[in-house]
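Novice: Please find one structure pasted underneath; my questions will follow.
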Amino acid sequence: MRATVLVRPKPGILDPQGEAVLGSLRQLGFAVEDARIGRVVDLELANGGREQARAELERMCEQLLANPLIESYEIELVGDA
Amino acid sequence: MTGTGTGPKARIAVVTFPGSNDDRDAALALERLGAEPVPVWHADRELPDVRAVILPGGFSHGDYLRAGALARFAPVMGPIQRLAADGGLVLGICNGFQILCEAGLLPGALRPNHSLSFVCRDVPLTVERADTPFTARCTERQRLSIPVKHGEGCFFADSELLAELEESGRVVLRYEGENPNGSVAAIAGVVNAEGNVMGLMPHPEHAVDPLTGSTDGALLLGSFVDAARRATTAPAAV
């Protein structure tokens with residue numbers, strides 16, 4: 001089963017990368033209000049079972065993929081159940 | 001610049017992770033201050049017979065994912081967690097600070113600098129607490145000059161955590177004047193609640209020789225060596 005994890009800086013956390021990109025987009029003439037930059041992790045899971053996969057992905061996020069103090073995460077499961 | 005000389009030397013472990021690059025400077029600085037540095041590899045499952053450890057600066061595991069996030073799972077981190085829980089002294093410098101935050105041994109997190117630029121220069125610091133094992137040779141409110149060199153040194157704590165740190169006096173060092181990285185409350189160094197684990201972004205090991213400018217780093221590392229020597233002779237007392 002494939003999964004995608006989206007990791008984002010939490011609201012209120014300073015995101016200097018996002019600010020730099022926001023500035024550049026505005027310079028290019030785009031009317032952009034805000035830009036935040038996160039991270040995408042694509043995973044190929046060895047074990048089947050949606051429930052189990054979701055539980056494991058939660059643990060991966062809590063233990064490694066995200067730092068819960070500064071980042072939020074979203075899990076998307078792709079593929080067969 | 002020497003240690004006080006008498007009695008057994010303080011034995012202090014200096015951990016090398018893949019990508020550490022300040023381990024040798026840390027060891028040299030400890031030697032100059034009269035301690036005996038003991039090199040330790042990140043894959044070691046046990047620590048040598050020490051009561052004090054330095055996690056040095058560098059770019060462990062290429063700073064992939066988040067600085068310190070991968071080093072935190074190194075085999076040597078198990079015994080370091082146990083040493084810390086047992087009252088041993090742990091000092092994390094720069095990348096070592098990032099590792100200690102990721103490992104949950106210190107509060108907060110270190111984010112990319114506000115400027116997005118790598119900052120490498122001497123910075124003025126204020127000593128907020130002189131009653132820790134890491135600052136005992138300083139006086140409260142003393143001003144130090146010690147270099148920083150990092151791209152991800154922006155200390156973050158949410159308002160609740162920040163209030164807790166301030167109220168419990170766990171902010172040990174603060175940037176004076178211009179904040180080099182955007183850290184909340186200009187925090188440059190913090191200790192854990194028990195006071196035996198400290199992390200800081202500035203590099204005291206690069207400020208022990210007049211040849212390179214300031215020797216203020218020797219005040220911090222000298223304090224650490226003093227405390228490590230006391231802990232070596234009387235294991236339970238920190």
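A note on labels: chains of the structure tokens are A, B, ... as shown, every chain counts residues from 1, and ligands are counted from 1 in their shown order.
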Sort by chain and increasing residue number a table of all residues of chain A within 8 Å of chain B, each with its closest pair of atoms and their distance in Å to one decimal, counting only C-alpha atoms, and write it as CSV.
Specialist:
```
residue,atom,partner,partner_atom,distance
A:Leu14,CA,B:His114,CA,7.6
A:Asp15,CA,B:His114,CA,7.8
A:Pro16,CA,B:His114,CA,5.5
A:Gln17,CA,B:Leu116,CA,7.2
A:Leu64,CA,B:Ala69,CA,6.9
A:Leu65,CA,B:Leu65,CA,7.4
A:Asn67,CA,B:Glu102,CA,7.8
A:Leu69,CA,B:Ala109,CA,7.3
A:Ile70,CA,B:Ala109,CA,7.4
```
Novice: With C-alpha atoms retained, could you export that selection as a tab-separated table (two decimals), in the first residue's frame?
Specialist:
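Written file, result-v8.tsv:
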```
chain	number	residue	atom	x	y	z
A	14	LEU	CA	7.77	31.33	11.73
A	15	ASP	CA	8.36	29.89	8.25
A	16	PRO	CA	11.24	31.83	6.69
A	17	GLN	CA	11.19	29.66	3.54
A	64	LEU	CA	10.11	10.77	13.40
A	65	LEU	CA	8.43	12.31	10.37
A	67	ASN	CA	8.09	17.22	15.33
A	69	LEU	CA	5.88	20.82	18.80
A	70	ILE	CA	6.29	22.74	15.55
```
Novice: Just want the 9 Å neighbourhood of B:Pro39, counted on only C-alpha atoms, with same-chain residues fewer than 5 positions away dropped. Output as a count of residues only.
Specialist: 7
Novice: According to DSSP computed on the backbone, where in chain A is there alpha helix (DSSP H)? Give the residues as a PyMOL selection string.
Specialist: chain A and resi 16-27+50-60
Novice: Enumerate, in order of chain and increasing residue number, the residues of stretch 46-83 of chain B with an atom no farther than 12 Å from stretch 97-101 of chain B, each with its shortest atom pair and distance in Å to one decimal, counting only C-alpha atoms, as a tab-separated table.
Specialist:
```
residue	atom	partner	partner_atom	distance
B:Val53	CA	B:Leu100	CA	11.9
B:Ile54	CA	B:Phe97	CA	9.9
B:Leu55	CA	B:Phe97	CA	7.6
B:Pro56	CA	B:Phe97	CA	8.3
B:Gly57	CA	B:Phe97	CA	8.2
B:Gly58	CA	B:Gln98	CA	10.3
B:Phe59	CA	B:Gln98	CA	10.0
B:Ser60	CA	B:Ile99	CA	8.8
B:His61	CA	B:Ile99	CA	11.1
B:Asp63	CA	B:Gln98	CA	9.8
B:Arg66	CA	B:Gln98	CA	8.9
B:Ala67	CA	B:Gln98	CA	6.1
B:Gly68	CA	B:Ile99	CA	4.0
B:Ala69	CA	B:Ile99	CA	6.5
B:Leu70	CA	B:Ile99	CA	8.3
B:Ala71	CA	B:Ile99	CA	6.5
B:Arg72	CA	B:Ile99	CA	5.6
B:Phe73	CA	B:Ile99	CA	9.4
B:Ala74	CA	B:Ile99	CA	10.3
B:Met77	CA	B:Leu100	CA	9.5
B:Ile80	CA	B:Leu100	CA	10.1
B:Gln81	CA	B:Leu100	CA	9.6
```
Novice: As a list of chain:residue names, list the residues of chain A assigned to strand (DSSP E or B) by DSSP on the backbone atoms of this structure.
Specialist: A:Arg2, A:Ala3, A:Thr4, A:Val5, A:Leu6, A:Val7, A:Arg8, A:Pro9, A:Arg39, A:Val40, A:Val41, A:Asp42, A:Leu43, A:Glu44, A:Glu71, A:Ser72, A:Tyr73, A:Glu74, A:Ile75, A:Glu76, A:Leu77, A:Val78
Novice: Could you please take those selected residues and save C-alpha atoms as a PDB file, in the first residue's frame?
Specialist:
```pdb
ATOM      1  CA  ARG A   2       1.192   3.501  -0.759  1.00  0.00           C
ATOM      2  CA  ALA A   3       0.833   6.449   1.538  1.00  0.00           C
ATOM      3  CA  THR A   4       1.656  10.129   1.415  1.00  0.00           C
ATOM      4  CA  VAL A   5       2.433  12.101   4.534  1.00  0.00           C
ATOM      5  CA  LEU A   6       2.188  15.899   4.416  1.00  0.00           C
ATOM      6  CA  VAL A   7       4.118  17.713   7.101  1.00  0.00           C
ATOM      7  CA  ARG A   8       3.449  21.420   7.646  1.00  0.00           C
ATOM      8  CA  PRO A   9       4.778  24.085   9.973  1.00  0.00           C
ATOM      9  CA  ARG A  39       7.368  18.504   3.307  1.00  0.00           C
ATOM     10  CA  VAL A  40       5.952  15.534   1.399  1.00  0.00           C
ATOM     11  CA  VAL A  41       6.952  11.976   2.303  1.00  0.00           C
ATOM     12  CA  ASP A  42       5.835   9.241  -0.103  1.00  0.00           C
ATOM     13  CA  LEU A  43       5.904   5.794   1.430  1.00  0.00           C
ATOM     14  CA  GLU A  44       5.472   2.278   0.126  1.00  0.00           C
ATOM     15  CA  GLU A  71       4.695  20.655  12.791  1.00  0.00           C
ATOM     16  CA  SER A  72       1.291  19.200  11.962  1.00  0.00           C
ATOM     17  CA  TYR A  73       0.841  16.237   9.654  1.00  0.00           C
ATOM     18  CA  GLU A  74      -1.766  14.733   7.394  1.00  0.00           C
ATOM     19  CA  ILE A  75      -1.855  11.120   6.226  1.00  0.00           C
ATOM     20  CA  GLU A  76      -3.229  10.059   2.855  1.00  0.00           C
ATOM     21  CA  LEU A  77      -3.565   6.389   2.023  1.00  0.00           C
ATOM     22  CA  VAL A  78      -3.414   5.481  -1.646  1.00  0.00           C
TER      23      VAL A  78
END
```
Novice: Just how far from atom CA of B:Ile93 is atom CA of B:Trp41, in Å to one decimal?
Specialist: 16.7 Å
Novice: If we count only C-alpha atoms, what is near B:Leu219 at a cut-off of 12 Å, once residues fewer than 2 positions away on the same chain are taken out, given as a PDB file with N, CA and C atoms, in the first residue's frame?
Specialist:
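Heads up, here's the output in part_5.pdb:
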```pdb
ATOM      1  N   MET B   1      45.525  28.986  30.904  1.00  0.00           N
ATOM      2  CA  MET B   1      44.253  28.261  30.878  1.00  0.00           C
ATOM      3  C   MET B   1      44.461  26.799  31.250  1.00  0.00           C
ATOM      4  N   THR B   2      44.350  26.510  32.508  1.00  0.00           N
ATOM      5  CA  THR B   2      44.562  25.126  32.942  1.00  0.00           C
ATOM      6  C   THR B   2      43.456  24.746  33.905  1.00  0.00           C
ATOM      7  N   GLY B   3      43.400  23.479  34.228  1.00  0.00           N
ATOM      8  CA  GLY B   3      42.463  23.026  35.240  1.00  0.00           C
ATOM      9  C   GLY B   3      43.056  23.351  36.590  1.00  0.00           C
ATOM     10  N   ALA B  29      39.630  21.465  23.528  1.00  0.00           N
ATOM     11  CA  ALA B  29      39.283  22.465  24.542  1.00  0.00           C
ATOM     12  C   ALA B  29      39.237  21.818  25.923  1.00  0.00           C
ATOM     13  N   LEU B  30      38.652  20.627  26.006  1.00  0.00           N
ATOM     14  CA  LEU B  30      38.577  19.935  27.302  1.00  0.00           C
ATOM     15  C   LEU B  30      39.977  19.644  27.827  1.00  0.00           C
ATOM     16  N   LEU B  33      41.593  22.519  29.340  1.00  0.00           N
ATOM     17  CA  LEU B  33      40.970  22.892  30.611  1.00  0.00           C
ATOM     18  C   LEU B  33      41.204  21.821  31.674  1.00  0.00           C
ATOM     19  N   VAL B 127      24.770  36.021  30.505  1.00  0.00           N
ATOM     20  CA  VAL B 127      24.581  34.860  31.374  1.00  0.00           C
ATOM     21  C   VAL B 127      23.391  35.156  32.289  1.00  0.00           C
ATOM     22  N   ALA B 130      24.022  31.830  36.773  1.00  0.00           N
ATOM     23  CA  ALA B 130      25.417  31.459  37.047  1.00  0.00           C
ATOM     24  C   ALA B 130      25.472  30.321  38.055  1.00  0.00           C
ATOM     25  N   PRO B 133      25.787  23.863  36.632  1.00  0.00           N
ATOM     26  CA  PRO B 133      27.095  23.213  36.452  1.00  0.00           C
ATOM     27  C   PRO B 133      27.812  23.698  35.195  1.00  0.00           C
ATOM     28  N   PHE B 134      27.101  24.425  34.334  1.00  0.00           N
ATOM     29  CA  PHE B 134      27.670  24.835  33.053  1.00  0.00           C
ATOM     30  C   PHE B 134      28.114  26.303  33.056  1.00  0.00           C
ATOM     31  N   THR B 135      27.785  27.024  34.124  1.00  0.00           N
ATOM     32  CA  THR B 135      28.058  28.469  34.146  1.00  0.00           C
ATOM     33  C   THR B 135      28.645  28.942  35.476  1.00  0.00           C
ATOM     34  N   ALA B 136      29.064  28.011  36.341  1.00  0.00           N
ATOM     35  CA  ALA B 136      29.465  28.393  37.698  1.00  0.00           C
ATOM     36  C   ALA B 136      30.678  29.321  37.718  1.00  0.00           C
ATOM     37  N   ARG B 137      31.509  29.303  36.657  1.00  0.00           N
ATOM     38  CA  ARG B 137      32.665  30.208  36.627  1.00  0.00           C
ATOM     39  C   ARG B 137      32.269  31.609  36.152  1.00  0.00           C
ATOM     40  N   CYS B 138      31.007  31.773  35.771  1.00  0.00           N
ATOM     41  CA  CYS B 138      30.538  33.096  35.335  1.00  0.00           C
ATOM     42  C   CYS B 138      29.839  33.787  36.502  1.00  0.00           C
ATOM     43  N   THR B 139      29.506  35.066  36.291  1.00  0.00           N
ATOM     44  CA  THR B 139      28.651  35.761  37.240  1.00  0.00           C
ATOM     45  C   THR B 139      27.346  36.088  36.518  1.00  0.00           C
ATOM     46  N   GLN B 142      26.711  38.481  33.464  1.00  0.00           N
ATOM     47  CA  GLN B 142      27.998  38.676  32.785  1.00  0.00           C
ATOM     48  C   GLN B 142      27.789  38.628  31.281  1.00  0.00           C
ATOM     49  N   ARG B 143      28.565  39.446  30.570  1.00  0.00           N
ATOM     50  CA  ARG B 143      28.467  39.459  29.128  1.00  0.00           C
ATOM     51  C   ARG B 143      29.626  38.658  28.546  1.00  0.00           C
ATOM     52  N   LEU B 144      29.313  37.751  27.645  1.00  0.00           N
ATOM     53  CA  LEU B 144      30.327  36.908  27.013  1.00  0.00           C
ATOM     54  C   LEU B 144      30.316  37.151  25.512  1.00  0.00           C
ATOM     55  N   SER B 145      31.446  36.854  24.882  1.00  0.00           N
ATOM     56  CA  SER B 145      31.504  36.877  23.418  1.00  0.00           C
ATOM     57  C   SER B 145      31.946  35.501  22.947  1.00  0.00           C
ATOM     58  N   ILE B 146      31.062  34.821  22.234  1.00  0.00           N
ATOM     59  CA  ILE B 146      31.320  33.446  21.787  1.00  0.00           C
ATOM     60  C   ILE B 146      30.753  33.312  20.368  1.00  0.00           C
ATOM     61  N   HIS B 203      29.335  28.317  20.318  1.00  0.00           N
ATOM     62  CA  HIS B 203      30.368  27.276  20.410  1.00  0.00           C
ATOM     63  C   HIS B 203      31.456  27.656  21.408  1.00  0.00           C
ATOM     64  N   PRO B 204      31.328  27.282  22.657  1.00  0.00           N
ATOM     65  CA  PRO B 204      32.375  27.631  23.623  1.00  0.00           C
ATOM     66  C   PRO B 204      33.724  26.989  23.281  1.00  0.00           C
ATOM     67  N   GLU B 205      33.692  25.839  22.601  1.00  0.00           N
ATOM     68  CA  GLU B 205      34.963  25.160  22.284  1.00  0.00           C
ATOM     69  C   GLU B 205      35.777  25.919  21.248  1.00  0.00           C
ATOM     70  N   ALA B 207      36.140  29.160  21.517  1.00  0.00           N
ATOM     71  CA  ALA B 207      36.515  30.408  22.193  1.00  0.00           C
ATOM     72  C   ALA B 207      37.296  30.079  23.466  1.00  0.00           C
ATOM     73  N   VAL B 208      38.412  29.364  23.303  1.00  0.00           N
ATOM     74  CA  VAL B 208      39.245  29.033  24.459  1.00  0.00           C
ATOM     75  C   VAL B 208      40.697  29.468  24.242  1.00  0.00           C
ATOM     76  N   ASP B 209      40.989  30.051  23.075  1.00  0.00           N
ATOM     77  CA  ASP B 209      42.372  30.401  22.762  1.00  0.00           C
ATOM     78  C   ASP B 209      42.418  31.854  22.296  1.00  0.00           C
ATOM     79  N   SER B 214      38.102  35.677  21.449  1.00  0.00           N
ATOM     80  CA  SER B 214      37.624  35.562  22.822  1.00  0.00           C
ATOM     81  C   SER B 214      38.047  34.248  23.481  1.00  0.00           C
ATOM     82  N   THR B 215      38.223  34.285  24.802  1.00  0.00           N
ATOM     83  CA  THR B 215      38.426  33.039  25.557  1.00  0.00           C
ATOM     84  C   THR B 215      37.244  32.796  26.501  1.00  0.00           C
ATOM     85  N   ASP B 216      36.115  33.464  26.225  1.00  0.00           N
ATOM     86  CA  ASP B 216      34.960  33.339  27.125  1.00  0.00           C
ATOM     87  C   ASP B 216      34.373  31.931  27.138  1.00  0.00           C
ATOM     88  N   GLY B 217      34.600  31.181  26.067  1.00  0.00           N
ATOM     89  CA  GLY B 217      34.097  29.808  26.035  1.00  0.00           C
ATOM     90  C   GLY B 217      34.686  28.963  27.150  1.00  0.00           C
ATOM     91  N   LEU B 221      32.981  26.017  29.461  1.00  0.00           N
ATOM     92  CA  LEU B 221      33.521  24.654  29.467  1.00  0.00           C
ATOM     93  C   LEU B 221      34.288  24.373  30.761  1.00  0.00           C
ATOM     94  N   GLY B 222      34.956  25.417  31.306  1.00  0.00           N
ATOM     95  CA  GLY B 222      35.663  25.243  32.581  1.00  0.00           C
ATOM     96  C   GLY B 222      34.685  24.906  33.704  1.00  0.00           C
ATOM     97  N   SER B 223      33.528  25.561  33.696  1.00  0.00           N
ATOM     98  CA  SER B 223      32.498  25.251  34.701  1.00  0.00           C
ATOM     99  C   SER B 223      32.069  23.795  34.574  1.00  0.00           C
ATOM    100  N   PHE B 224      31.882  23.374  33.329  1.00  0.00           N
ATOM    101  CA  PHE B 224      31.454  22.000  33.032  1.00  0.00           C
ATOM    102  C   PHE B 224      32.519  21.006  33.491  1.00  0.00           C
ATOM    103  N   VAL B 225      33.797  21.340  33.251  1.00  0.00           N
ATOM    104  CA  VAL B 225      34.899  20.462  33.679  1.00  0.00           C
ATOM    105  C   VAL B 225      34.936  20.376  35.209  1.00  0.00           C
ATOM    106  N   ASP B 226      34.771  21.526  35.879  1.00  0.00           N
ATOM    107  CA  ASP B 226      34.743  21.520  37.353  1.00  0.00           C
ATOM    108  C   ASP B 226      33.657  20.578  37.860  1.00  0.00           C
TER     109      ASP B 226
END
```
Novice: Measuring atom to atom with only C-alpha atoms, identify which of B:Leu125, B:Met198, B:Ile187, B:Ala52 is nearest to B:Glu36.
Specialist: B:Ala52
Novice: Just want the 6 Å neighbourhood of B:Val172, counted on only C-alpha atoms, with same-chain residues fewer than 5 positions away dropped. Output as number ranges by chain.
Specialist: B: 128-129, 189-190
Novice: Would you mind listing what lies within 10 Å of A:Met1 as a list in words, with only C-alpha atoms counted and same-chain residues fewer than 3 positions away left out?
Specialist: Leu43, Glu44, Leu45, Ala46, Asn47, Gly48, Gly49, Arg50, Ala53, Leu77, Val78, Gly79, Asp80 and Ala81 of chain A
Novice: May I ask for the distance between atom CA of B:Glu160 and atom CA of A:Gly18, given in Å to one decimal place?
Specialist: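 Atom-to-atom, atom CA of B:Glu160 and atom CA of A:Gly18 are spaced 24.8 Å apart.
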Novice: As a CSV table (one decimal) with C-alpha atoms, in the first residue's frame, please: the residues near B:Ala231 (cut-off 12 Å, only C-alpha atoms, same-chain neighbours under 4 positions excluded).
Specialist:
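As written to disk, selection.csv reads:
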```csv
chain,number,residue,atom,x,y,z
B,8,PRO,CA,41.8,12.9,39.3
B,9,LYS,CA,41.1,14.4,35.9
B,10,ALA,CA,37.5,14.8,34.9
B,11,ARG,CA,36.7,12.2,32.2
B,12,ILE,CA,34.3,13.5,29.7
B,49,ASP,CA,33.0,5.1,32.7
B,50,VAL,CA,32.1,8.8,32.7
B,51,ARG,CA,29.6,11.1,34.5
B,52,ALA,CA,29.7,13.8,31.8
B,53,VAL,CA,29.1,13.8,28.0
B,83,LEU,CA,23.1,8.9,32.3
B,86,ASP,CA,20.7,9.3,36.7
B,87,GLY,CA,21.9,12.9,37.2
B,88,GLY,CA,25.0,12.8,34.9
B,89,LEU,CA,26.0,15.9,33.0
B,133,PRO,CA,27.1,23.2,36.5
B,196,ASN,CA,22.0,18.6,34.6
B,224,PHE,CA,31.5,22.0,33.0
B,225,VAL,CA,34.9,20.5,33.7
B,226,ASP,CA,34.7,21.5,37.4
B,227,ALA,CA,31.3,19.9,37.7
B,235,PRO,CA,29.4,9.9,41.5
B,236,ALA,CA,25.9,10.7,42.9
B,237,ALA,CA,26.6,14.4,43.5
B,238,VAL,CA,26.0,16.7,40.6
```
Novice: Skip B:Glu176 itself and residues of its chain fewer than 2 positions away, then list as a list in words all residues within 8 Å of it, counting only C-alpha atoms.
Specialist: Val123, Pro124, Leu125, Thr126, Arg174, Glu178, Asn179 and Ala186 of chain B
